[in-house]
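Heads up, final15.csv below (CSV, C-alpha atoms):
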chain,number,residue,atom,x,y,z
A,97,MET,CA,-109.1,-7.1,95.1
A,98,ARG,CA,-106.0,-7.8,93.1
A,99,ILE,CA,-105.3,-10.1,90.1
A,100,GLY,CA,-102.8,-12.8,90.9
A,101,PHE,CA,-100.1,-14.0,88.5
A,102,PHE,CA,-98.1,-17.1,88.9
A,103,ASP,CA,-95.1,-18.6,87.2
A,104,SER,CA,-92.1,-20.8,88.1
A,105,GLY,CA,-89.9,-17.7,87.6
A,106,ILE,CA,-89.7,-14.5,85.7
A,107,GLY,CA,-91.3,-15.8,82.6
A,108,GLY,CA,-94.8,-14.8,83.7
A,109,ILE,CA,-93.8,-11.2,83.7
A,110,THR,CA,-94.2,-11.4,79.9
A,111,VAL,CA,-97.9,-12.1,80.4
A,112,LEU,CA,-98.2,-9.6,83.2
A,113,HIS,CA,-96.8,-7.0,80.8
A,114,GLN,CA,-99.6,-7.6,78.4
A,115,ALA,CA,-102.2,-7.4,81.1
A,116,LEU,CA,-100.8,-4.0,82.3
A,117,LYS,CA,-101.3,-2.7,78.8
A,118,LEU,CA,-104.9,-3.8,78.7
A,119,LEU,CA,-105.8,-3.2,82.4
A,120,PRO,CA,-103.5,-0.5,83.7
A,121,ASN,CA,-105.7,0.5,86.5
A,122,GLU,CA,-105.9,-2.9,88.2
A,123,ASP,CA,-103.7,-3.9,91.1
A,124,TYR,CA,-101.6,-7.1,90.8
A,125,LEU,CA,-99.8,-9.8,92.7
A,126,PHE,CA,-96.9,-11.6,90.9
A,127,TYR,CA,-95.7,-14.8,92.4
A,128,ALA,CA,-92.4,-16.3,91.1
A,129,ASP,CA,-91.5,-19.7,92.5
A,130,THR,CA,-87.8,-18.9,92.3
A,131,LYS,CA,-87.0,-21.6,94.9
A,132,ASN,CA,-88.1,-24.3,92.5
A,133,VAL,CA,-87.5,-23.0,89.0
A,134,PRO,CA,-87.2,-24.4,86.4
A,135,TYR,CA,-90.3,-26.6,86.2
A,136,GLY,CA,-89.8,-27.9,82.6
A,137,GLU,CA,-87.2,-30.5,83.6
A,138,LYS,CA,-88.9,-31.8,86.7
A,139,THR,CA,-91.5,-34.6,87.1
A,140,LYS,CA,-95.2,-33.9,86.7
A,141,GLU,CA,-95.8,-34.8,90.4
A,142,GLU,CA,-93.1,-32.4,91.7
A,143,VAL,CA,-94.5,-29.6,89.6
A,144,LYS,CA,-98.0,-30.2,90.7
A,145,GLN,CA,-97.0,-30.0,94.3
A,146,TYR,CA,-95.2,-26.6,93.8
A,147,ILE,CA,-98.2,-25.2,91.8
A,148,PHE,CA,-100.8,-26.2,94.4
A,149,GLN,CA,-98.8,-24.7,97.2
A,150,ALA,CA,-98.2,-21.5,95.3
A,151,VAL,CA,-101.8,-21.0,94.2
A,152,GLN,CA,-103.1,-21.7,97.7
A,153,PHE,CA,-100.8,-18.9,99.0
A,154,ILE,CA,-102.0,-16.5,96.3
A,155,ALA,CA,-105.7,-17.4,96.9
A,156,GLU,CA,-105.2,-16.3,100.5
A,157,GLN,CA,-104.0,-12.8,99.5
A,158,GLN,CA,-107.5,-11.4,98.5
A,159,VAL,CA,-107.3,-12.0,94.7
A,160,LYS,CA,-110.3,-12.0,92.4
A,161,ALA,CA,-108.6,-14.0,89.7
A,162,ILE,CA,-105.4,-15.9,89.1
A,163,VAL,CA,-103.5,-16.2,85.8
A,164,ILE,CA,-101.3,-19.3,85.6
A,165,ALA,CA,-98.7,-17.5,83.5
A,166,CYS,CA,-96.7,-20.6,82.8
A,167,ASN,CA,-97.3,-23.0,79.9
A,168,THR,CA,-95.9,-26.0,81.9
A,169,ALA,CA,-98.0,-25.3,84.9
A,170,THR,CA,-101.1,-24.8,82.8
A,171,SER,CA,-100.5,-28.1,81.0
A,172,VAL,CA,-100.2,-30.2,84.1
A,173,ALA,CA,-102.6,-28.6,86.6
A,174,ILE,CA,-105.1,-26.1,85.2
A,175,GLU,CA,-108.2,-28.4,85.3
A,176,GLU,CA,-107.5,-29.5,88.9
A,177,LEU,CA,-107.0,-25.9,90.0
A,178,ARG,CA,-110.3,-24.8,88.5
A,179,GLU,CA,-112.1,-27.6,90.4
A,180,ARG,CA,-110.5,-26.4,93.7
A,181,TYR,CA,-111.3,-22.7,93.5
A,182,ASP,CA,-114.5,-20.7,92.8
A,183,PHE,CA,-112.9,-17.6,91.2
A,184,PRO,CA,-111.6,-17.4,87.7
A,185,ILE,CA,-108.3,-19.2,87.0
A,186,LEU,CA,-106.8,-18.6,83.6
A,187,GLY,CA,-104.0,-20.5,81.9
A,188,ILE,CA,-101.8,-20.1,78.9
A,189,GLU,CA,-100.9,-22.5,76.2
A,190,PRO,CA,-98.7,-22.4,73.1
A,191,ALA,CA,-100.3,-20.3,70.4
A,192,VAL,CA,-100.7,-23.2,68.0
A,193,LYS,CA,-104.1,-22.1,66.6
A,194,PRO,CA,-103.1,-18.7,65.3
A,195,ALA,CA,-99.8,-20.1,64.1
A,196,VAL,CA,-101.5,-22.9,62.0
A,197,GLN,CA,-103.9,-20.3,60.6
A,198,LYS,CA,-101.0,-18.4,59.3
A,199,TRP,CA,-100.3,-21.3,56.9
A,200,GLU,CA,-102.8,-19.7,54.5
A,201,ILE,CA,-100.4,-16.7,54.3
A,202,HIS,CA,-96.9,-18.2,54.4
A,203,ARG,CA,-97.6,-21.8,53.1
A,204,LYS,CA,-94.8,-22.7,55.5
A,205,LYS,CA,-94.6,-24.9,58.6
A,206,VAL,CA,-94.9,-24.0,62.2
A,207,LEU,CA,-92.2,-24.5,64.9
A,208,VAL,CA,-93.2,-24.6,68.5
A,209,LEU,CA,-90.5,-23.8,71.0
A,210,ALA,CA,-91.3,-24.8,74.6
A,211,THR,CA,-90.1,-26.8,77.6
A,212,ASN,CA,-89.8,-30.6,77.7
A,213,LEU,CA,-92.7,-31.1,80.1
A,214,THR,CA,-95.1,-28.9,78.1
A,215,LEU,CA,-94.3,-30.8,74.9
A,216,LYS,CA,-94.7,-34.2,76.5
A,217,GLU,CA,-98.0,-33.4,78.1
A,218,GLU,CA,-101.2,-34.8,76.7
A,219,LYS,CA,-102.7,-31.3,76.7
A,220,PHE,CA,-100.2,-30.1,74.0
A,221,THR,CA,-100.4,-33.4,72.0
A,222,ASN,CA,-104.2,-33.1,71.8
A,223,LEU,CA,-104.0,-29.4,70.9
A,224,VAL,CA,-101.8,-30.2,67.9
A,225,LYS,CA,-103.9,-33.2,66.9
A,226,ARG,CA,-107.0,-31.0,66.9
A,227,LEU,CA,-105.5,-28.2,64.8
A,228,ASP,CA,-102.7,-29.6,62.7
A,229,HIS,CA,-104.6,-31.2,59.7
A,230,ARG,CA,-101.7,-30.7,57.3
A,231,ASP,CA,-98.9,-32.1,59.4
A,232,ILE,CA,-97.1,-28.8,59.5
A,233,VAL,CA,-96.3,-28.4,63.2
A,234,ASP,CA,-92.9,-29.3,64.6
A,235,SER,CA,-91.6,-28.7,68.1
A,236,LEU,CA,-88.3,-28.2,70.0
A,237,ALA,CA,-87.6,-28.1,73.7
A,238,LEU,CA,-85.3,-25.3,74.7
A,239,PRO,CA,-84.8,-25.7,78.5
A,240,GLY,CA,-81.6,-23.7,78.4
A,241,LEU,CA,-83.5,-20.5,77.6
A,242,VAL,CA,-85.3,-20.7,81.0
A,243,THR,CA,-81.9,-21.0,82.7
A,244,PHE,CA,-80.5,-18.0,80.8
A,245,ALA,CA,-83.6,-15.9,81.6
A,246,GLU,CA,-83.4,-16.7,85.3
A,247,GLN,CA,-79.8,-15.6,85.2
A,248,HIS,CA,-80.8,-12.4,83.3
A,249,GLU,CA,-78.6,-13.4,80.4
A,250,PHE,CA,-80.6,-12.2,77.4
A,251,LYS,CA,-78.1,-11.0,74.7
A,252,ASP,CA,-75.0,-12.9,75.6
A,253,GLU,CA,-73.2,-14.8,72.9
A,254,LEU,CA,-73.8,-18.0,74.9
A,255,VAL,CA,-77.5,-17.6,74.3
A,256,LYS,CA,-77.0,-17.3,70.5
A,257,SER,CA,-74.6,-20.2,70.4
A,258,TYR,CA,-77.0,-22.3,72.4
A,259,LEU,CA,-79.9,-21.5,70.0
A,260,GLN,CA,-77.7,-22.1,66.9
A,261,GLN,CA,-76.7,-25.5,68.2
A,262,GLU,CA,-80.3,-26.6,69.1
A,263,LEU,CA,-81.8,-25.3,65.9
A,264,SER,CA,-79.0,-26.8,63.7
A,265,ARG,CA,-81.0,-29.9,62.9
A,266,PHE,CA,-83.9,-27.9,61.4
A,267,ASP,CA,-84.1,-26.2,57.9
A,268,LEU,CA,-85.3,-22.8,59.2
A,269,CYS,CA,-86.4,-21.7,55.7
A,270,GLN,CA,-89.2,-24.2,56.0
A,271,TYR,CA,-90.9,-22.3,58.8
A,272,GLY,CA,-93.2,-19.3,58.4
A,273,THR,CA,-94.2,-19.0,62.1
A,274,VAL,CA,-92.4,-19.7,65.3
A,275,VAL,CA,-94.5,-20.2,68.5
A,276,LEU,CA,-92.8,-19.0,71.7
A,277,GLY,CA,-94.4,-21.7,73.9
A,278,CYS,CA,-92.8,-20.8,77.2
A,279,THR,CA,-93.4,-17.5,78.9
A,280,HIS,CA,-89.6,-17.1,79.4
A,281,PHE,CA,-89.0,-17.1,75.7
A,282,PRO,CA,-90.3,-13.7,74.6
A,283,TYR,CA,-87.3,-12.1,76.3
A,284,PHE,CA,-85.2,-13.7,73.6
A,285,THR,CA,-87.4,-12.6,70.6
A,286,ASN,CA,-84.7,-10.4,69.0
A,287,VAL,CA,-82.0,-13.1,69.4
A,288,ILE,CA,-84.2,-15.8,67.9
A,289,LYS,CA,-85.3,-13.5,65.1
A,290,GLU,CA,-81.7,-13.2,64.0
A,291,LEU,CA,-81.5,-16.9,63.2
A,292,PHE,CA,-84.6,-17.2,61.1
A,293,PRO,CA,-85.3,-15.8,57.6
A,294,GLN,CA,-86.7,-12.3,57.3
A,295,GLY,CA,-90.5,-12.4,57.3
A,296,THR,CA,-90.9,-15.2,59.8
A,297,ASP,CA,-93.7,-14.5,62.3
A,298,PHE,CA,-93.1,-14.9,66.1
A,299,ILE,CA,-96.1,-15.3,68.4
A,300,SER,CA,-96.9,-16.3,72.0
A,301,GLY,CA,-100.0,-16.9,74.0
A,302,SER,CA,-99.5,-13.8,76.2
A,303,ILE,CA,-101.8,-11.5,74.2
A,304,GLY,CA,-104.6,-14.0,74.0
A,305,THR,CA,-104.4,-14.7,77.7
A,306,ALA,CA,-104.5,-11.0,78.6
A,307,ASN,CA,-107.5,-10.5,76.3
A,308,ASN,CA,-109.2,-13.4,77.9
A,309,LEU,CA,-108.5,-12.0,81.4
A,310,LYS,CA,-110.1,-8.6,80.4
A,311,ARG,CA,-113.1,-10.3,78.9
A,312,ILE,CA,-113.8,-12.5,82.0
A,313,LEU,CA,-113.4,-9.6,84.4
A,314,GLU,CA,-115.8,-7.5,82.3
A,315,CYS,CA,-118.4,-10.3,82.1
A,316,ASP,CA,-118.2,-10.9,85.8
A,317,GLN,CA,-118.3,-7.2,86.6
A,318,LEU,CA,-115.0,-7.5,88.4
A,319,LEU,CA,-113.1,-4.6,86.8
A,320,GLU,CA,-111.9,-2.1,89.4
A,321,SER,CA,-110.1,1.2,89.4
A,322,GLY,CA,-106.8,0.6,91.1
A,323,SER,CA,-103.4,2.2,90.9
A,324,GLY,CA,-101.6,-0.3,88.7
A,325,HIS,CA,-99.5,-1.4,91.8
A,326,ILE,CA,-97.7,-4.7,91.6
A,327,ALA,CA,-96.7,-6.7,94.7
A,328,PHE,CA,-93.9,-9.2,93.9
A,329,TYR,CA,-93.4,-12.5,95.8
A,330,ASN,CA,-90.6,-15.0,95.5
A,331,SER,CA,-91.8,-18.4,96.6
A,332,GLY,CA,-94.1,-16.9,99.2
A,333,ILE,CA,-91.8,-14.2,100.5
A,334,ARG,CA,-92.7,-10.6,99.7
A,335,VAL,CA,-90.0,-8.8,97.7
A,336,GLU,CA,-89.1,-5.6,99.4
A,337,ASP,CA,-85.4,-5.1,98.7
A,338,THR,CA,-84.7,-2.3,96.2
A,339,ALA,CA,-82.3,-4.3,94.0
A,340,THR,CA,-84.7,-7.1,93.3
A,341,LEU,CA,-87.6,-4.7,92.7
A,342,GLU,CA,-85.4,-2.8,90.2
A,343,ARG,CA,-84.7,-6.0,88.4
A,344,TYR,CA,-88.4,-6.7,88.0
A,345,GLY,CA,-88.8,-3.1,86.8
A,346,GLN,CA,-86.0,-3.6,84.3
A,347,LEU,CA,-87.7,-6.6,82.8
A,348,LEU,CA,-91.0,-4.7,82.3
A,349,ARG,CA,-89.1,-1.9,80.6
A,350,MET,CA,-87.2,-4.4,78.5
A,351,LEU,CA,-90.4,-5.8,77.2
A,352,ASP,CA,-91.6,-2.3,76.3
A,353,GLU,CA,-88.7,-2.2,73.8
A,354,LEU,CA,-89.3,-5.5,72.1

Rendering of file as structure tokens:
Amino acid sequence: MRIGFFDSGIGGITVLHQALKLLPNEDYLFYADTKNVPYGEKTKEEVKQYIFQAVQFIAEQQVKAIVIACNTATSVAIEELRERYDFPILGIEPAVKPAVQKWEIHRKKVLVLATNLTLKEEKFTNLVKRLDHRDIVDSLALPGLVTFAEQHEFKDELVKSYLQQELSRFDLCQYGTVVLGCTHFPYFTNVIKELFPQGTDFISGSIGTANNLKRILECDQLLESGSGHIAFYNSGIRVEDTATLERYGQLLRMLDEL
């Protein structure tokens, strides 16, 4: 029985990468909805339709758990998905809690970077209301980073120029912690770091999600001894061509170096 991972595109590989570190002997299925990416700029109704279709496909592939490795998909559909299926379904959300806790160290504000749809959803609004008692959390939508990631443009000057323009209205010295609230964003960690003062912390929800996955599988006695094999699917089509598989492999190796 494999563990299913779902994302609108290649962002979820950043979460899969953390799971591979913790659970290297499991087998995985990674589904990227490349036909419909990006999700962050679409309507909630459209995104829900894509998610339900994808998760139903994954559920039919003999999986024991599914990780919704997409902040946008988690924010709009996680509760309904859990009602539909009787196996564990895990989501991911912007790591606001650990970021706010770092205020005690930095005495500086928190900046959450995510997609428009994630930031507009009630789930995110309620998360911030529950945790931000000092009014220290700001947010910024960076949909362009999703596009750059899907085009495999990670270090291009266009990326840096885009970030500089979008961040220009913020006093970056005010922030002690930056939350990478979209699973596509960790690919750009090094580029983003260049724009913030030295000592700024950068966190995402990937590690917490991977830890939660391991805990749930252990509690449910679902850990298995597999080969660490990953089957990749693009919008329901099994990826078998060498070039695409190599691109996925390059992404995992790239994350090893960050």

Quick one: residues within 7 Å of Ser300 in chain A, only C-alpha atoms, excluding same-chain residues fewer than 5 positions away - as an NGL selection string?
:A and (190-191 or 275-277)

Residues of range 100-194 of chain A within 12 Å of range 281-293 of chain A: nearest atom pair and distance (Å, one decimal) for each, counting only C-alpha atoms, sorted by chain and number, as JSON lines?
{"residue": "A:Gly105", "atom": "CA", "partner": "A:Phe281", "partner_atom": "CA", "distance": 11.9}
{"residue": "A:Ile106", "atom": "CA", "partner": "A:Tyr283", "partner_atom": "CA", "distance": 10.0}
{"residue": "A:Gly107", "atom": "CA", "partner": "A:Phe281", "partner_atom": "CA", "distance": 7.4}
{"residue": "A:Gly108", "atom": "CA", "partner": "A:Phe281", "partner_atom": "CA", "distance": 10.1}
{"residue": "A:Ile109", "atom": "CA", "partner": "A:Tyr283", "partner_atom": "CA", "distance": 9.9}
{"residue": "A:Thr110", "atom": "CA", "partner": "A:Pro282", "partner_atom": "CA", "distance": 7.0}
{"residue": "A:Val111", "atom": "CA", "partner": "A:Pro282", "partner_atom": "CA", "distance": 9.7}
{"residue": "A:His113", "atom": "CA", "partner": "A:Pro282", "partner_atom": "CA", "distance": 11.2}
{"residue": "A:Gln114", "atom": "CA", "partner": "A:Pro282", "partner_atom": "CA", "distance": 11.8}
{"residue": "A:Cys166", "atom": "CA", "partner": "A:Phe281", "partner_atom": "CA", "distance": 11.0}
{"residue": "A:Asn167", "atom": "CA", "partner": "A:Phe281", "partner_atom": "CA", "distance": 11.0}
{"residue": "A:Pro190", "atom": "CA", "partner": "A:Phe281", "partner_atom": "CA", "distance": 11.4}

With C-alpha atoms retained, could you export that selection as a short mmCIF file (atom, residue, chain, number, x, y, z; two decimals), in the frame of the given file?
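Saved to selection.cif:
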data_model
loop_
_atom_site.label_atom_id
_atom_site.label_comp_id
_atom_site.auth_asym_id
_atom_site.auth_seq_id
_atom_site.Cartn_x
_atom_site.Cartn_y
_atom_site.Cartn_z
CA GLY A 105 -89.90 -17.70 87.60
CA ILE A 106 -89.70 -14.50 85.70
CA GLY A 107 -91.30 -15.80 82.60
CA GLY A 108 -94.80 -14.80 83.70
CA ILE A 109 -93.80 -11.20 83.70
CA THR A 110 -94.20 -11.40 79.90
CA VAL A 111 -97.90 -12.10 80.40
CA HIS A 113 -96.80 -7.00 80.80
CA GLN A 114 -99.60 -7.60 78.40
CA CYS A 166 -96.70 -20.60 82.80
CA ASN A 167 -97.30 -23.00 79.90
CA PRO A 190 -98.70 -22.40 73.10
#

If we count all atoms listed in the file, what is near range 146-163 of chain A at a cut-off of 6 Å, once residues fewer than 2 positions away on the same chain are taken out, given as a list in words?
Met97, Arg98, Ile99, Gly100, Phe101, Val143, Lys144, Ala165, Phe183, Pro184, Ile185, Leu186 and Gly187 of chain A

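For the set A:Thr279, A:Asn212, A:Gln145, A:Arg311, the residue with the smallest atom-to-atom gap to Glu176 in chain A is A:Gln145, counting only C-alpha atoms.
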
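CA of Val224 in chain A sits 21.4 Å away from CA of Cys269 in chain A.
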
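For the pair CA of Leu351 in chain A and CA of Gln247 in chain A, the separation is 16.5 Å.
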
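Distances from A:Thr338, A:Thr305, A:Ser104, A:Thr214 to Asp129 in chain A were compared using all atoms listed in the file, and the smallest one belongs to A:Ser104.
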
Long-range neighbours of range 319-334 of chain A as a PyMOL selection string, 8 Å cut-off, all atoms listed in the file, 6 positions minimum in chain:
chain A and resi 116+120-131+150+153+313+341

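Taking CA of Pro134 in chain A as the reference point, CA of Pro239 in chain A is found at 8.4 Å.
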
Can you pull out every residue within 12 Å of Leu223 in chain A, counting all atoms listed in the file, but drop anything in the same chain fewer than 6 positions away, and send it as number ranges by chain?
A: 171, 189-193, 196, 214-217, 229, 233

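When only C-alpha atoms are used to measure the gap to Ala210 in chain A, the shortest distance among A:Glu142, A:Glu137, A:Glu253, A:Asp267 belongs to A:Glu137.
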
Got a sec: who's within 12 Å of Gly240 in chain A, counting all atoms listed in the file, leaving out chain neighbours fewer than 5 positions off, as a tab-separated table (two decimals) with C-alpha atoms, in the frame of the given file?
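After the write, selection.tsv holds the following:
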chain	number	residue	atom	x	y	z
A	134	PRO	CA	-87.20	-24.40	86.40
A	136	GLY	CA	-89.80	-27.90	82.60
A	137	GLU	CA	-87.20	-30.50	83.60
A	209	LEU	CA	-90.50	-23.80	71.00
A	210	ALA	CA	-91.30	-24.80	74.60
A	211	THR	CA	-90.10	-26.80	77.60
A	212	ASN	CA	-89.80	-30.60	77.70
A	245	ALA	CA	-83.60	-15.90	81.60
A	246	GLU	CA	-83.40	-16.70	85.30
A	247	GLN	CA	-79.80	-15.60	85.20
A	249	GLU	CA	-78.60	-13.40	80.40
A	250	PHE	CA	-80.60	-12.20	77.40
A	254	LEU	CA	-73.80	-18.00	74.90
A	255	VAL	CA	-77.50	-17.60	74.30
A	256	LYS	CA	-77.00	-17.30	70.50
A	257	SER	CA	-74.60	-20.20	70.40
A	258	TYR	CA	-77.00	-22.30	72.40
A	259	LEU	CA	-79.90	-21.50	70.00
A	261	GLN	CA	-76.70	-25.50	68.20
A	262	GLU	CA	-80.30	-26.60	69.10
A	278	CYS	CA	-92.80	-20.80	77.20
A	280	HIS	CA	-89.60	-17.10	79.40
A	281	PHE	CA	-89.00	-17.10	75.70
A	284	PHE	CA	-85.20	-13.70	73.60

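In terms of minimum interatomic distance to Ala115 in chain A, A:Gly304 ranks closest within A:Gly304, A:Asp228, A:Val335, A:Val133, counting all atoms listed in the file.
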
From the options A:Asp252, A:Asp316, A:Leu263, A:Ile201, which residue's atoms come nearest to Ser235 in chain A, counting only C-alpha atoms?
A:Leu263
